[in-house]
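A.B. asks: For reference, the file coords-v3.cif (mmCIF, C-alpha atoms (C1' of nucleotides)) is included below:
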data_input
#
loop_
_atom_site.label_atom_id
_atom_site.label_comp_id
_atom_site.auth_asym_id
_atom_site.auth_seq_id
_atom_site.Cartn_x
_atom_site.Cartn_y
_atom_site.Cartn_z
CA MET A 221 10.77 1.40 -21.18
CA PRO A 222 11.17 -1.51 -23.53
CA GLU A 223 9.73 -4.66 -21.98
CA LEU A 224 8.83 -7.87 -23.80
CA PRO A 225 6.08 -6.39 -26.02
CA GLU A 226 8.24 -3.47 -27.08
CA VAL A 227 11.22 -5.68 -27.92
CA GLU A 228 8.94 -8.11 -29.74
CA THR A 229 7.50 -5.25 -31.82
CA ILE A 230 10.99 -4.18 -32.85
CA ARG A 231 12.00 -7.78 -33.51
CA ALA A 232 9.12 -8.39 -35.89
CA GLN A 233 9.78 -5.18 -37.80
CA LEU A 234 13.49 -5.89 -38.13
CA ALA A 235 12.99 -9.55 -39.03
CA GLU A 236 10.94 -8.47 -42.02
CA ARG A 237 13.63 -6.07 -43.20
CA ILE A 238 17.04 -7.41 -42.30
CA THR A 239 16.74 -11.20 -42.47
CA GLY A 240 19.22 -12.45 -45.07
CA ARG A 241 21.08 -9.13 -45.19
CA THR A 242 24.80 -8.88 -44.55
CA ILE A 243 26.27 -6.28 -42.20
CA ARG A 244 28.69 -4.33 -44.34
CA GLU A 245 29.97 -2.15 -41.52
CA MET A 246 29.42 -1.55 -37.82
CA GLU A 247 30.57 1.63 -36.12
CA VAL A 248 30.70 1.91 -32.35
CA VAL A 249 30.35 5.55 -31.32
CA ASP A 250 30.25 4.91 -27.57
CA ALA A 251 32.77 2.28 -26.44
CA LYS A 252 30.70 1.61 -23.32
CA LEU A 253 28.10 -0.11 -25.51
CA ALA A 254 30.50 -3.02 -26.04
CA GLU A 255 31.62 -3.39 -22.39
CA PRO A 256 33.14 -5.50 -21.07
CA ALA A 257 34.49 -6.27 -24.56
CA THR A 258 36.25 -3.68 -26.68
CA PRO A 259 34.54 -1.98 -29.61
CA GLU A 260 37.23 -3.40 -31.92
CA ALA A 261 36.50 -6.98 -30.87
CA LEU A 262 32.75 -6.50 -31.24
CA VAL A 263 33.05 -4.90 -34.69
CA ALA A 264 35.38 -7.70 -35.81
CA ALA A 265 32.81 -10.30 -34.74
CA VAL A 266 29.92 -8.53 -36.47
CA ARG A 267 31.33 -7.03 -39.67
CA GLY A 268 30.64 -9.04 -42.81
CA ARG A 269 28.20 -11.40 -41.11
CA ARG A 270 24.87 -12.39 -42.61
CA ILE A 271 21.77 -12.08 -40.43
CA ASP A 272 19.97 -15.41 -40.71
CA ALA A 273 17.27 -14.63 -38.18
CA VAL A 274 16.14 -11.97 -35.73
CA THR A 275 14.98 -13.55 -32.49
CA ARG A 276 14.17 -12.52 -28.95
CA ARG A 277 14.72 -13.92 -25.49
CA GLY A 278 12.86 -11.98 -22.78
CA LYS A 279 13.91 -8.38 -23.37
CA TYR A 280 17.01 -9.40 -25.31
CA LEU A 281 17.04 -8.90 -29.07
CA ILE A 282 19.25 -11.33 -30.99
CA TRP A 283 20.70 -11.37 -34.50
CA GLU A 284 21.60 -14.91 -35.47
CA PHE A 285 24.62 -15.30 -37.73
CA PRO A 286 25.79 -18.48 -39.51
CA ASP A 287 27.68 -21.10 -37.47
CA GLY A 288 25.73 -20.37 -34.31
CA ASP A 289 27.24 -16.96 -33.69
CA ALA A 290 24.84 -14.30 -32.49
CA LEU A 291 24.80 -10.66 -31.49
CA ALA A 292 22.69 -9.78 -28.46
CA LEU A 293 21.31 -6.28 -28.01
CA HIS A 294 19.65 -4.96 -24.87
CA LEU A 295 17.91 -1.59 -24.91
CA ARG A 296 17.58 -1.35 -21.12
CA MET A 297 15.89 1.95 -20.26
CA THR A 298 16.17 4.31 -23.19
CA GLY A 299 17.73 2.36 -26.03
CA ARG A 300 16.31 2.73 -29.53
CA LEU A 301 17.03 0.58 -32.54
CA HIS A 302 15.95 2.33 -35.71
CA TRP A 303 15.95 0.86 -39.24
CA ARG A 304 15.96 3.17 -42.24
CA PRO A 305 16.03 2.25 -45.95
CA GLY A 306 19.09 4.46 -46.39
CA PRO A 307 21.52 6.53 -44.35
CA PRO A 308 19.88 8.94 -41.87
CA GLU A 309 19.82 12.59 -42.90
CA GLU A 310 21.57 13.39 -39.66
CA PRO A 311 22.76 11.17 -36.83
CA PRO A 312 20.04 10.70 -34.22
CA PRO A 313 20.72 12.24 -30.81
CA PHE A 314 22.59 10.02 -28.33
CA LEU A 315 23.86 7.77 -31.11
CA ARG A 316 25.96 4.89 -29.76
CA ALA A 317 26.40 2.60 -32.75
CA SER A 318 25.33 2.21 -36.37
CA PHE A 319 25.14 -0.67 -38.85
CA ASP A 320 25.31 -0.47 -42.66
CA LEU A 321 23.65 -3.33 -44.54
CA ASP A 322 24.38 -4.69 -48.00
CA ASP A 323 21.08 -3.36 -49.40
CA GLY A 324 21.93 0.22 -48.41
CA ALA A 325 19.76 0.20 -45.30
CA THR A 326 21.04 1.58 -41.99
CA MET A 327 20.33 0.75 -38.40
CA THR A 328 21.14 3.08 -35.52
CA PHE A 329 21.34 2.30 -31.82
CA SER A 330 20.75 5.45 -29.80
CA ASP A 331 20.38 5.56 -26.05
CA LEU A 332 20.05 8.67 -23.92
CA ARG A 333 20.99 7.08 -20.62
CA ARG A 334 23.59 4.73 -22.06
CA PHE A 335 22.47 1.64 -20.13
CA GLY A 336 22.05 -0.47 -23.28
CA ARG A 337 24.61 -3.08 -24.30
CA ALA A 338 25.66 -5.13 -27.35
CA TRP A 339 27.69 -8.34 -27.10
CA MET A 340 28.31 -11.69 -28.73
CA LEU A 341 26.52 -14.76 -27.38
CA PRO A 342 28.21 -18.17 -27.09
CA ALA A 343 27.99 -20.02 -30.41
CA ASP A 344 27.82 -23.51 -28.95
CA PRO A 345 24.18 -24.40 -28.20
CA ALA A 346 25.02 -25.90 -24.82
CA ASP A 347 27.06 -22.86 -23.83
CA ARG A 348 24.26 -20.61 -25.03
CA GLU A 349 21.80 -22.50 -22.85
CA ASP A 350 24.15 -22.09 -19.90
CA TYR A 351 24.31 -18.40 -20.58
CA TRP A 352 20.56 -18.00 -20.34
CA ARG A 353 20.16 -20.36 -17.41
CA GLY A 354 19.73 -18.50 -14.16
CA ARG A 355 19.53 -15.24 -16.07
CA VAL A 356 16.38 -15.52 -18.18
CA GLY A 357 13.51 -17.82 -17.29
CA PRO A 358 10.69 -19.21 -19.44
CA GLU A 359 9.05 -17.21 -22.20
CA PRO A 360 5.59 -16.24 -20.91
CA LEU A 361 4.00 -16.45 -24.37
CA ALA A 362 5.46 -19.83 -25.28
CA ARG A 363 2.79 -22.46 -25.89
CA SER A 364 4.66 -24.75 -23.55
CA TYR A 365 4.57 -22.30 -20.65
CA SER A 366 1.80 -23.58 -18.45
CA GLY A 367 0.15 -22.15 -15.41
CA ARG A 368 1.59 -25.04 -13.45
CA ASP A 369 5.16 -24.01 -14.27
CA PHE A 370 4.37 -20.49 -13.18
CA ALA A 371 2.65 -21.64 -9.98
CA GLN A 372 5.63 -23.76 -9.05
CA ALA A 373 8.07 -20.89 -9.43
CA VAL A 374 5.84 -18.48 -7.51
CA ALA A 375 4.97 -20.85 -4.67
CA ARG A 376 8.54 -21.25 -3.46
CA ARG A 377 9.31 -17.56 -3.15
CA SER A 378 8.50 -15.49 -0.12
CA GLY A 379 9.18 -12.01 -1.52
CA PRO A 380 6.53 -9.58 -2.73
CA VAL A 381 4.75 -11.04 -5.74
CA LYS A 382 5.64 -7.98 -7.80
CA ALA A 383 9.35 -8.52 -7.16
CA VAL A 384 8.93 -12.16 -8.14
CA ILE A 385 7.35 -11.44 -11.51
CA LEU A 386 9.93 -8.72 -12.18
CA ASN A 387 12.65 -11.32 -11.65
CA GLN A 388 13.71 -12.26 -15.17
CA ALA A 389 14.85 -15.69 -14.01
CA VAL A 390 11.31 -16.49 -12.85
CA ILE A 391 9.51 -15.25 -15.96
CA ALA A 392 11.15 -13.50 -18.89
CA GLY A 393 10.25 -10.08 -20.19
CA VAL A 394 7.96 -8.55 -17.55
CA GLY A 395 8.99 -5.05 -16.48
CA ASN A 396 7.56 -2.50 -14.11
CA MET A 397 4.71 -1.35 -16.32
CA TYR A 398 3.26 -4.74 -17.25
CA ALA A 399 3.79 -6.03 -13.72
CA ASP A 400 1.46 -3.29 -12.46
CA GLU A 401 -1.07 -3.93 -15.21
CA ALA A 402 -1.10 -7.70 -14.76
CA LEU A 403 -1.43 -7.51 -10.97
CA PHE A 404 -4.33 -5.11 -11.36
CA GLN A 405 -6.05 -7.39 -13.85
CA ALA A 406 -5.59 -10.36 -11.51
CA ARG A 407 -6.74 -8.21 -8.53
CA ILE A 408 -3.64 -9.02 -6.55
CA HIS A 409 -1.83 -6.58 -4.27
CA PRO A 410 1.84 -6.30 -5.36
CA GLU A 411 3.16 -6.66 -1.80
CA ARG A 412 1.46 -9.98 -1.13
CA PRO A 413 4.11 -12.61 -0.42
CA ALA A 414 4.30 -14.71 -3.58
CA SER A 415 3.94 -17.93 -1.62
CA SER A 416 0.70 -16.68 -0.05
CA LEU A 417 -1.20 -16.67 -3.34
CA SER A 418 -3.96 -19.23 -3.71
CA ASP A 419 -4.01 -21.60 -6.67
CA ASP A 420 -6.78 -19.54 -8.22
CA GLU A 421 -4.85 -16.33 -7.77
CA THR A 422 -1.71 -17.79 -9.31
CA LYS A 423 -3.75 -19.01 -12.26
CA LEU A 424 -5.35 -15.59 -12.65
CA LEU A 425 -1.97 -13.88 -12.55
CA HIS A 426 -0.46 -16.25 -15.09
CA ARG A 427 -3.36 -15.52 -17.40
CA ALA A 428 -3.21 -11.77 -16.75
CA ILE A 429 0.50 -11.57 -17.55
CA ARG A 430 0.03 -13.38 -20.83
CA ASP A 431 -3.03 -11.34 -21.71
CA ARG A 432 -1.43 -7.97 -21.02
CA LEU A 433 1.73 -8.88 -22.96
CA ARG A 434 -0.32 -10.08 -25.93
CA VAL A 435 -2.52 -7.00 -25.97
CA ALA A 436 0.57 -4.81 -25.71
CA ILE A 437 2.16 -6.52 -28.71
CA ALA A 438 -1.07 -6.02 -30.64
CA HIS A 439 -0.82 -2.30 -29.85
CA GLY A 440 2.82 -2.02 -30.88
CA GLY A 441 4.07 -1.51 -27.32
CA ALA A 442 3.72 1.47 -24.98
CA SER A 443 5.48 4.78 -25.64
CA ILE A 444 5.62 6.40 -22.21
CA ASP A 445 8.39 8.73 -23.21
CA ASP A 446 11.44 7.14 -24.77
CA TYR A 447 10.22 4.02 -26.51
CA ARG A 448 10.02 4.01 -30.30
CA ASP A 449 9.59 0.98 -32.51
CA GLY A 450 12.05 -0.21 -35.14
CA LEU A 451 10.81 2.41 -37.59
CA GLY A 452 10.89 5.30 -35.13
CA ASN A 453 7.17 5.33 -34.44
CA LYS A 454 5.34 5.42 -31.12
CA GLY A 455 3.29 2.50 -29.87
CA GLN A 456 -0.35 2.72 -28.80
CA MET A 457 -0.38 0.62 -25.62
CA GLN A 458 0.08 3.63 -23.34
CA GLU A 459 -3.59 4.43 -24.00
CA GLN A 460 -4.64 1.00 -22.75
CA LEU A 461 -2.87 1.20 -19.38
CA ARG A 462 -5.34 0.93 -16.51
CA VAL A 463 -3.34 1.81 -13.41
CA HIS A 464 0.31 2.38 -14.35
CA LEU A 465 1.00 6.16 -14.25
CA HIS A 466 -2.66 6.79 -13.34
CA GLU A 467 -2.08 8.04 -9.79
CA GLY A 468 -5.00 10.11 -8.52
CA GLU A 469 -7.33 8.96 -11.27
CA PRO A 470 -10.37 6.73 -10.76
CA CYS A 471 -9.92 2.99 -11.12
CA PRO A 472 -11.50 1.93 -14.43
CA ARG A 473 -13.25 -0.92 -12.62
CA CYS A 474 -14.56 0.59 -9.37
CA ARG A 475 -13.72 4.33 -9.51
CA THR A 476 -11.59 4.20 -6.34
CA THR A 477 -8.63 6.56 -6.60
CA ILE A 478 -5.48 4.85 -7.86
CA VAL A 479 -2.51 5.22 -5.54
CA LYS A 480 1.21 5.20 -6.15
CA THR A 481 3.48 3.39 -3.70
CA ARG A 482 6.91 1.85 -3.78
CA VAL A 483 7.35 -1.91 -4.05
CA ALA A 484 10.64 -3.65 -4.74
CA GLN A 485 12.28 -0.24 -5.29
CA ARG A 486 9.88 0.49 -8.12
CA GLY A 487 7.09 3.00 -8.51
CA THR A 488 3.92 0.93 -8.17
CA TYR A 489 0.36 1.80 -9.10
CA THR A 490 -2.59 -0.02 -7.60
CA CYS A 491 -6.29 0.24 -6.95
CA PRO A 492 -6.59 -0.07 -3.15
CA SER A 493 -10.02 -1.64 -3.33
CA CYS A 494 -9.59 -4.01 -6.31
CA GLN A 495 -6.21 -5.16 -4.99
CA PRO A 496 -6.68 -5.73 -1.26
CA ARG A 497 -3.56 -6.24 0.81
CA HIS A 498 -5.42 -8.79 2.92
CA PRO A 499 -7.85 -10.72 0.75
CA GLY A 500 -10.81 -12.21 2.53
CA ARG A 501 -11.13 -9.40 5.03
CA SER A 502 -13.05 -6.33 3.96
CA GLY A 503 -11.23 -3.25 2.70
CA SER A 504 -7.47 -2.99 2.30
"C1'" DA B 267 20.18 -19.98 -1.65
"C1'" DT B 268 17.35 -16.34 -1.81
"C1'" DT B 269 16.43 -11.46 -1.05
"C1'" DT B 270 17.79 -6.68 -0.75
"C1'" DT B 271 20.69 -2.81 -1.83
"C1'" DC B 272 23.46 -0.30 -4.72
"C1'" DC B 273 25.10 1.25 -9.06
"C1'" DC B 274 25.09 2.90 -13.65
"C1'" DC B 275 23.36 7.28 -16.53
"C1'" DT B 276 20.92 11.55 -18.00
"C1'" DG B 277 16.95 14.60 -18.27
"C1'" DC B 278 13.39 16.42 -15.89
"C1'" DC B 279 10.81 18.35 -12.17
"C1'" DG B 280 9.58 20.32 -7.71
"C1'" DG B 281 11.19 23.01 -3.95
"C1'" DC B 282 13.60 26.76 -2.02
"C1'" DT C 298 16.11 32.89 -11.36
"C1'" DG C 299 18.97 29.22 -10.75
"C1'" DC C 300 20.64 25.53 -8.28
"C1'" DC C 301 20.09 20.97 -6.34
"C1'" DG C 302 18.30 16.76 -4.63
"C1'" DG C 303 15.37 13.22 -5.90
"C1'" DC C 304 13.31 10.34 -9.22
"C1'" DA C 305 12.78 7.30 -13.28
"C1'" DG C 306 14.10 1.73 -13.82
"C1'" DG C 307 16.64 -2.78 -16.50
"C1'" DG C 308 19.80 -5.81 -14.99
"C1'" DG C 309 23.77 -7.30 -12.70
"C1'" DA C 310 27.09 -7.18 -9.00
"C1'" DA C 311 27.63 -7.00 -4.29
"C1'" DA C 312 25.98 -7.37 0.19
"C1'" DA C 313 22.92 -9.19 3.64
#
As a first step, turn the structure in this file into structure tokens.

C.D. replies:
Amino acid sequence: MPELPEVETIRAQLAERITGRTIREMEVVDAKLAEPATPEALVAAVRGRRIDAVTRRGKYLIWEFPDGDALALHLRMTGRLHWRPGPPEEPPPFLRASFDLDDGATMTFSDLRRFGRAWMLPADPADREDYWRGRVGPEPLARSYSGRDFAQAVARRSGPVKAVILNQAVIAGVGNMYADEALFQARIHPERPASSLSDDETKLLHRAIRDRLRVAIAHGGASIDDYRDGLGNKGQMQEQLRVHLHEGEPCPRCRTTIVKTRVAQRGTYTCPSCQPRHPGRSGS
DNA sequence: ATTTTCCCCTGCCGGC
DNA sequence: TGCCGGCAGGGGAAAA
């Protein structure tokens, strides 16, 4: 599932290839992609526009047009955005929209489960900021994002720490897979109340999140089943996962069998001995 | 105000 | 063999 590293991988590939290009035509195959707007309105806002920059906010991919206008794309669960130098030989399965560029290149948005969306962002900078506020929190890889900011956000929440780091308003871009990996690296049980974490633990988790996201970007993201990068290729990060999807296998650190549970309505993988539910006491 | 539940959507898989 | 319930999960709306 595309999380921050996957979206960032696609962003970098597209930025290299479509920056400065003009969108000659957009075709919406599945009207639901444009909801709650109509496909006609979306196409009218996109057609003929020049892409000045390809940016990212959390898991949102953004094409910046002149005059502050911007198209946001969200891949959700199974969305794929695929650039090709020319038209595809045949439409990819589950095609929902396609874009023709002025250099003959094509981009297709396909999406088996149809959760993905495309919509226009507010052009006014203040309105844009309002749009993100409350919806998408700080960028975990931003230089300015300190451990203190993270600690503050975590300390005043009582829910399970995994639910807190999955909350996009708390920290942008972390999904189920990297939440599991970061909590394992920080040796923190996902059901620990966020506010119960010590200063050291919060610092460790902040570092672990940033580390896992960076390593994942370096590996081109994780292709569990649906994810492909902007050129249709698989990532390599799935081979670096330590606990996620490793139920029944030995923990890479202590050889204890990894277990799968359910936390915050999400499948959750942990090492019961590296991630004690009650730190300080022995065992789990 | 925060936290939890439900919903969307389709393919896949285990059980009977 | 084939059907069917359950599961997968991002994010947002609704409910608690």

A.B. asks: Using all atoms listed in the file, find the residues of chain A whose closest atom to chain B is at most 8 Å away, then write them as a list in words.

C.D. replies: Leu332, Arg333, Arg334, Phe335 and Gly379 of chain A

A.B. asks: Find the distance between atom CA of Pro286 of chain A and atom CA of Glu223 of chain A and write it in Å to one decimal.

C.D. replies: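 Atom-to-atom, atom CA of Pro286 of chain A and atom CA of Glu223 of chain A are spaced 27.5 Å apart.
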
A.B. asks: Run through the PyMOL selection byres ((chain C) within 12 of (chain A)) on the given coordinates and return the selected residues as a PyMOL selection string.

C.D. replies: chain C and resi 304-309

A.B. asks: Please report the interatomic distance between atom CA of Asp446 of chain A and atom CA of Ser330 of chain A in Å with one decimal.

C.D. replies: 10.7 Å

A.B. asks: Report the residues retrieved by the PyMOL selection byres ((chain A and resi 423-437) around 8) from the displayed file, expressed as a PDB file with C-alpha atoms, keeping the file's coordinate frame.

C.D. replies:
ATOM      1  CA  LEU A 224       8.830  -7.870 -23.800  1.00  0.00           C
ATOM      2  CA  PRO A 225       6.080  -6.390 -26.020  1.00  0.00           C
ATOM      3  CA  GLU A 226       8.240  -3.470 -27.080  1.00  0.00           C
ATOM      4  CA  GLU A 228       8.940  -8.110 -29.740  1.00  0.00           C
ATOM      5  CA  THR A 229       7.500  -5.250 -31.820  1.00  0.00           C
ATOM      6  CA  PRO A 360       5.590 -16.240 -20.910  1.00  0.00           C
ATOM      7  CA  LEU A 361       4.000 -16.450 -24.370  1.00  0.00           C
ATOM      8  CA  GLY A 367       0.150 -22.150 -15.410  1.00  0.00           C
ATOM      9  CA  PHE A 370       4.370 -20.490 -13.180  1.00  0.00           C
ATOM     10  CA  ALA A 371       2.650 -21.640  -9.980  1.00  0.00           C
ATOM     11  CA  TYR A 398       3.260  -4.740 -17.250  1.00  0.00           C
ATOM     12  CA  ALA A 399       3.790  -6.030 -13.720  1.00  0.00           C
ATOM     13  CA  GLU A 401      -1.070  -3.930 -15.210  1.00  0.00           C
ATOM     14  CA  ALA A 402      -1.100  -7.700 -14.760  1.00  0.00           C
ATOM     15  CA  LEU A 403      -1.430  -7.510 -10.970  1.00  0.00           C
ATOM     16  CA  GLN A 405      -6.050  -7.390 -13.850  1.00  0.00           C
ATOM     17  CA  ALA A 406      -5.590 -10.360 -11.510  1.00  0.00           C
ATOM     18  CA  ILE A 408      -3.640  -9.020  -6.550  1.00  0.00           C
ATOM     19  CA  ASP A 419      -4.010 -21.600  -6.670  1.00  0.00           C
ATOM     20  CA  ASP A 420      -6.780 -19.540  -8.220  1.00  0.00           C
ATOM     21  CA  GLU A 421      -4.850 -16.330  -7.770  1.00  0.00           C
ATOM     22  CA  THR A 422      -1.710 -17.790  -9.310  1.00  0.00           C
ATOM     23  CA  ALA A 438      -1.070  -6.020 -30.640  1.00  0.00           C
ATOM     24  CA  HIS A 439      -0.820  -2.300 -29.850  1.00  0.00           C
ATOM     25  CA  GLY A 440       2.820  -2.020 -30.880  1.00  0.00           C
ATOM     26  CA  GLY A 441       4.070  -1.510 -27.320  1.00  0.00           C
ATOM     27  CA  ALA A 442       3.720   1.470 -24.980  1.00  0.00           C
ATOM     28  CA  MET A 457      -0.380   0.620 -25.620  1.00  0.00           C
TER      29      MET A 457
END

A.B. asks: Do you have the atom CA of Ser364 of chain A-atom CA of Ile271 of chain A distance handy?

C.D. replies: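 Answer for the atom CA of Ser364 of chain A to atom CA of Ile271 of chain A separation: 27.2 Å.
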
A.B. asks: Would you list the contacts of Leu315 of chain A as a CSV table (one decimal) with C-alpha atoms, in the frame of the given file, taking every protein, DNA or RNA residue within 9 Å and counting only C-alpha atoms (C1' of nucleotides), but skipping same-chain residues closer than 2 positions in sequence?

C.D. replies:
chain,number,residue,atom,x,y,z
A,249,VAL,CA,30.4,5.6,-31.3
A,250,ASP,CA,30.2,4.9,-27.6
A,311,PRO,CA,22.8,11.2,-36.8
A,312,PRO,CA,20.0,10.7,-34.2
A,313,PRO,CA,20.7,12.2,-30.8
A,317,ALA,CA,26.4,2.6,-32.8
A,318,SER,CA,25.3,2.2,-36.4
A,328,THR,CA,21.1,3.1,-35.5
A,329,PHE,CA,21.3,2.3,-31.8
A,330,SER,CA,20.8,5.4,-29.8
A,331,ASP,CA,20.4,5.6,-26.0
A,332,LEU,CA,20.0,8.7,-23.9

A.B. asks: What are the centre and edge lengths in Å, to one decimal, of the axis-aligned box around all listed atoms of chain B with 3 Å added on each side, as JSON?

C.D. replies:
{"center_x": 17.3, "center_y": 3.4, "center_z": -9.5, "size_x": 21.5, "size_y": 52.7, "size_z": 23.5}

A.B. asks: With only C-alpha atoms (C1' of nucleotides) as the counted atoms, please give the residues lying no more than 10 Å from Asp320 of chain A, apart from itself and same-chain residues fewer than 3 positions off, as a list in words.

C.D. replies: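 Listing them by chain and then by number gives Arg241, Thr242, Ile243, Arg244, Glu245, Met246, Glu247, Arg267, Gly306, Pro307, Asp323, Gly324, Ala325, Thr326, Met327 and Thr328 of chain A.
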
A.B. asks: For the residues selected in the previous step, produce a file with C-alpha atoms as a PDB file, in the frame of the given file.

C.D. replies:
ATOM      1  CA  ARG A 241      21.080  -9.130 -45.190  1.00  0.00           C
ATOM      2  CA  THR A 242      24.800  -8.880 -44.550  1.00  0.00           C
ATOM      3  CA  ILE A 243      26.270  -6.280 -42.200  1.00  0.00           C
ATOM      4  CA  ARG A 244      28.690  -4.330 -44.340  1.00  0.00           C
ATOM      5  CA  GLU A 245      29.970  -2.150 -41.520  1.00  0.00           C
ATOM      6  CA  MET A 246      29.420  -1.550 -37.820  1.00  0.00           C
ATOM      7  CA  GLU A 247      30.570   1.630 -36.120  1.00  0.00           C
ATOM      8  CA  ARG A 267      31.330  -7.030 -39.670  1.00  0.00           C
ATOM      9  CA  GLY A 306      19.090   4.460 -46.390  1.00  0.00           C
ATOM     10  CA  PRO A 307      21.520   6.530 -44.350  1.00  0.00           C
ATOM     11  CA  ASP A 323      21.080  -3.360 -49.400  1.00  0.00           C
ATOM     12  CA  GLY A 324      21.930   0.220 -48.410  1.00  0.00           C
ATOM     13  CA  ALA A 325      19.760   0.200 -45.300  1.00  0.00           C
ATOM     14  CA  THR A 326      21.040   1.580 -41.990  1.00  0.00           C
ATOM     15  CA  MET A 327      20.330   0.750 -38.400  1.00  0.00           C
ATOM     16  CA  THR A 328      21.140   3.080 -35.520  1.00  0.00           C
TER      17      THR A 328
END

A.B. asks: Could you pull the residues within 12 Å of Asp287 of chain A, counting only C-alpha atoms (C1' of nucleotides), minus those fewer than 3 positions along the same chain, as a PyMOL selection string?

C.D. replies: chain A and resi 269-272+284+290+341-345

A.B. asks: List the residues sitting within 12 Å of (-13.6, 0.3, -10.7) in the file's frame, using only C-alpha atoms (C1' of nucleotides), as a list of chain:residue names.

C.D. replies: A:Phe404, A:Gln405, A:Arg407, A:Arg462, A:Val463, A:Glu469, A:Pro470, A:Cys471, A:Pro472, A:Arg473, A:Cys474, A:Arg475, A:Thr476, A:Thr477, A:Ile478, A:Thr490, A:Cys491, A:Pro492, A:Ser493, A:Cys494, A:Gln495
